[in-house]
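Q: Can you keep this structure in mind? I'll have questions shortly.
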2 protein chains.
Amino acid sequence: MVDRSPTLRAQRRAETQRSIQAHAVRLFTERGYDATTVTDVAGAAGVSPMTVYRHFPTKEDLVLVDRHGPLVAERVAASPAAQPLVRRIGDALVDSARTLTGGARGHDSPEERFLLARLRLMIATPALRAKHLDAHYALQQAIVEALGDDGADPDAAFRTRAAASACLAAMHTALVRWAEDDGRTELPDLIAHALAAAFGGGTGD
Amino acid sequence: MVDRSPTLRAQRRAETQRSIQAHAVRLFTERGYDATTVTDVAGAAGVSPMTVYRHFPTKEDLVLVDRHGPLVAERVAASPAAQPLVRRIGDALVDSARTLTGGARGHDSPEERFLLARLRLMIATPALRAKHLDAHYALQQAIVEALGDDGADPDAAFRTRAAASACLAAMHTALVRWAEDDGRTELPDLIAHALAAAFGGGTGD
DNA sequence: ACCAATGTGGTAGTCACTCTCACCACGGTA
DNA sequence: TACCGTGGTGAGAGTGACTACCACATTGGT
């Protein structure tokens, strides 16, 4: 027999992980991030504080949004190499945001709303701001690798890194604005606007 | 009555503050940031842990470099308004770096070396990376205010913020490279290079 | 039915950081 | 000189994030 099943044990593990994060985000939005202890989260999820740390290395990771990486990397790699770097990266960021927020408004799946709740929590909570900025580091690395500027020429990697971090910073400005507007504005459009403001009018369609 | 004298009391306060930070930076560079406790720093400076927290709200603030703000703001405000935003901000960043690192090499004052030690510590220590990125937030705000885009048009402020954060992110890439190279490269030149990579060749002289 | 792997809980501990109370040197005033 | 108010400091207890070590139980393969 080929072991096709997700081993049922892994299923349980994934389920508790999902449960912990769901309860965490709920409590954070209800009481606030600082006012909620890890023990509270553990209690709400019906597990011990230990288990929380087994699944999420830090309290901040309970909110961290990590799905951008592969998506952005894929888009960047697929973008036409003739375009300037910031254009390629900028378009990838806008496209990814469009995908993650569900393209046009209308079909807000629960999963999608959960994603946006985490994102807004991350941006609106001062204690998480630094971590969120730091998270863009991983994204930057993913972009550099996707563009293949990683190995040979260190200067090419440096310049790619500079362009990527600049694009991500502009995007972050858009995220902050989006969180402040309480989501009334369309995130992809805001990102395109921020990129245009930083790199000139040609980046966001 | 306005108390005009430095009051000798304030002098003592400033002195202990200087002493605490000096011992902190020394211990951090010797043993590493994580391996040094606040109690260690307090002991080395001959004060109680309480006193450390009275002067520096967090352990991270013992290393934080805060002098860029006013300097960059001043340069940005003085730059010609005809230039595009990223050019004005970029030039201000390069000029400020040149000033803070002592222009040409040669006259490394003790104070200046201390500044650079803190800066390198800040960048090379993973635990401080997030804080350092977060510190650019204050810089970004200073730039927005210096450009006077703060009040009337919210969109102008947004675009300025996007441009400023993008410039700062590019600069941060240069800082990382500089720290990795152990200071062998000239910081202002690296910043100019990073800005050029992100915004096109016209930004760094 | 056995055994190893793995997810989990408990306890104790470290460290950053806060709060509260008391001390005392410094500052101006009588 | 004597007198207080202010402000920098110290000591202690306490909270919360996070870790290390050990024990227990369930799962998965033999």
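In the structure tokens, each chain is lettered A, B, ... as it comes, each chain's residues begin at 1, and ligands are numbered from 1 in order of appearance.
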Could you write out, as a PyMOL selection string, all the residues of chain A that DSSP marks as alpha helix (DSSP H)?

A: chain A and resi 9-31+38-45+49-55+68-78+85-100+110-124+126-146+154-180+187-199

Q: Using only C-alpha atoms (C1' of nucleotides), I'd like every residue of chain D that has an atom within 9 Å of chain A; please write them out as a ChimeraX atom specification.

A: /D:16-18,27-28

Q: Please, which residues in chain A fall within 7 Å of chain B when counting only C-alpha atoms, and what is the closest atom pair and distance in Å to one decimal for each, ordered by chain then residue number, as a tab-separated table?

A:
residue	atom	partner	partner_atom	distance
A:Val86	CA	B:Ala198	CA	6.7
A:Ala130	CA	B:Ala130	CA	5.0
A:Lys131	CA	B:Ala130	CA	5.9
A:Leu133	CA	B:Leu133	CA	6.6
A:Asp134	CA	B:Ala130	CA	5.1
A:Arg159	CA	B:Ala197	CA	5.1
A:Arg161	CA	B:Thr173	CA	6.8
A:Ala162	CA	B:Ala170	CA	4.7
A:Ala163	CA	B:Ala198	CA	4.2
A:Ser165	CA	B:Ala169	CA	5.5
A:Ala166	CA	B:Ala166	CA	4.0
A:Cys167	CA	B:Ala166	CA	6.4
A:Ala169	CA	B:Ala166	CA	5.1
A:Ala170	CA	B:Ala162	CA	4.7
A:Thr173	CA	B:Ala162	CA	5.6
A:Ala194	CA	B:Ala162	CA	5.5
A:Ala197	CA	B:Arg159	CA	5.1
A:Ala198	CA	B:Ala163	CA	4.2
A:Phe199	CA	B:Phe199	CA	6.3

Q: Please identify all residues of chain C having at least one atom at most 9 Å from any atom of chain B, considering only C-alpha atoms (C1' of nucleotides), and return them as a VMD selection string.

A: chain C and resid 15 to 17 26 to 27

Q: Store the residues of this selection in a file with all heavy atoms, as a compact mmCIF listing (two decimals), in the first residue's frame.

A:
# COMPACT_ATOMS: atom_id res chain seq x y z
P DC C 15 19.21 35.05 32.40
OP1 DC C 15 20.44 34.89 31.60
OP2 DC C 15 19.26 35.42 33.83
O5' DC C 15 18.26 36.10 31.65
C5' DC C 15 17.81 35.82 30.33
C4' DC C 15 16.72 36.79 29.94
O4' DC C 15 15.47 36.39 30.55
C3' DC C 15 16.97 38.24 30.40
O3' DC C 15 16.76 39.11 29.31
C2' DC C 15 15.94 38.44 31.50
C1' DC C 15 14.82 37.53 31.04
N1 DC C 15 13.86 37.14 32.11
C2 DC C 15 12.48 37.13 31.83
O2 DC C 15 12.09 37.44 30.70
N3 DC C 15 11.62 36.78 32.80
C4 DC C 15 12.08 36.46 34.01
N4 DC C 15 11.18 36.12 34.95
C5 DC C 15 13.47 36.47 34.31
C6 DC C 15 14.32 36.81 33.33
P DA C 16 17.32 40.61 29.31
OP1 DA C 16 18.37 40.75 28.29
OP2 DA C 16 17.61 40.98 30.71
O5' DA C 16 16.04 41.43 28.82
C5' DA C 16 15.37 41.03 27.65
C4' DA C 16 13.97 41.57 27.65
O4' DA C 16 13.21 40.91 28.69
C3' DA C 16 13.84 43.06 27.92
O3' DA C 16 12.88 43.62 27.04
C2' DA C 16 13.41 43.14 29.38
C1' DA C 16 12.58 41.86 29.51
N9 DA C 16 12.54 41.32 30.87
C8 DA C 16 13.62 41.01 31.66
N7 DA C 16 13.29 40.54 32.84
C5 DA C 16 11.90 40.52 32.82
C6 DA C 16 10.94 40.13 33.78
N6 DA C 16 11.26 39.66 34.99
N1 DA C 16 9.64 40.24 33.46
C2 DA C 16 9.33 40.72 32.23
N3 DA C 16 10.14 41.12 31.25
C4 DA C 16 11.42 40.99 31.62
P DC C 17 12.79 45.21 26.92
OP1 DC C 17 12.16 45.56 25.62
OP2 DC C 17 14.10 45.78 27.28
O5' DC C 17 11.75 45.57 28.05
C5' DC C 17 10.43 45.03 27.96
C4' DC C 17 9.67 45.30 29.24
O4' DC C 17 10.18 44.46 30.30
C3' DC C 17 9.75 46.72 29.79
O3' DC C 17 8.49 47.36 29.57
C2' DC C 17 10.07 46.55 31.28
C1' DC C 17 9.78 45.07 31.50
N1 DC C 17 10.53 44.46 32.64
C2 DC C 17 9.83 43.90 33.70
O2 DC C 17 8.60 43.92 33.67
N3 DC C 17 10.51 43.35 34.74
C4 DC C 17 11.84 43.36 34.73
N4 DC C 17 12.46 42.80 35.77
C5 DC C 17 12.58 43.92 33.65
C6 DC C 17 11.90 44.47 32.63
P DC C 26 24.98 66.31 45.48
OP1 DC C 26 26.01 65.99 44.50
OP2 DC C 26 25.35 66.80 46.84
O5' DC C 26 23.98 67.37 44.82
C5' DC C 26 23.41 67.08 43.55
C4' DC C 26 22.13 67.86 43.36
O4' DC C 26 21.22 67.58 44.46
C3' DC C 26 22.29 69.39 43.34
O3' DC C 26 21.88 69.87 42.08
C2' DC C 26 21.41 69.89 44.47
C1' DC C 26 20.44 68.73 44.67
N1 DC C 26 19.88 68.63 46.05
C2 DC C 26 18.50 68.82 46.24
O2 DC C 26 17.79 69.08 45.28
N3 DC C 26 18.00 68.73 47.50
C4 DC C 26 18.80 68.44 48.53
N4 DC C 26 18.24 68.34 49.74
C5 DC C 26 20.19 68.22 48.34
C6 DC C 26 20.69 68.32 47.10
P DG C 27 22.29 71.33 41.66
OP1 DG C 27 22.44 71.30 40.20
OP2 DG C 27 23.39 71.79 42.53
O5' DG C 27 20.98 72.17 42.02
C5' DG C 27 19.80 72.01 41.24
C4' DG C 27 18.70 72.87 41.80
O4' DG C 27 18.19 72.25 43.00
C3' DG C 27 19.13 74.27 42.21
O3' DG C 27 18.76 75.20 41.19
C2' DG C 27 18.36 74.58 43.49
C1' DG C 27 17.82 73.24 43.94
N9 DG C 27 18.36 72.81 45.22
C8 DG C 27 19.67 72.53 45.53
N7 DG C 27 19.84 72.16 46.77
C5 DG C 27 18.57 72.22 47.32
C6 DG C 27 18.13 71.94 48.62
O6 DG C 27 18.80 71.57 49.61
N1 DG C 27 16.76 72.13 48.76
C2 DG C 27 15.92 72.53 47.75
N2 DG C 27 14.62 72.65 48.06
N3 DG C 27 16.31 72.79 46.51
C4 DG C 27 17.66 72.62 46.38

Q: Can you tell me which residues surround segment 142-149 of chain A at a distance of at most 9 Å, considering only C-alpha atoms (C1' of nucleotides), apart from same-chain residues fewer than 2 positions away, and format the answer as a PyMOL selection string?

A: chain A and resi 69-70+72-77+89+137-140+151-158+160-161+164

Q: What gap, in Å, lies between atom CA of Arg31 of chain A and atom CA of His136 of chain A?

A: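 The value is 26.8 Å.
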
Q: Distance atom CA of Val47 of chain B-atom CA of Phe114 of chain B, one decimal place?

A: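 Atom-to-atom, atom CA of Val47 of chain B and atom CA of Phe114 of chain B are spaced 21.3 Å apart.
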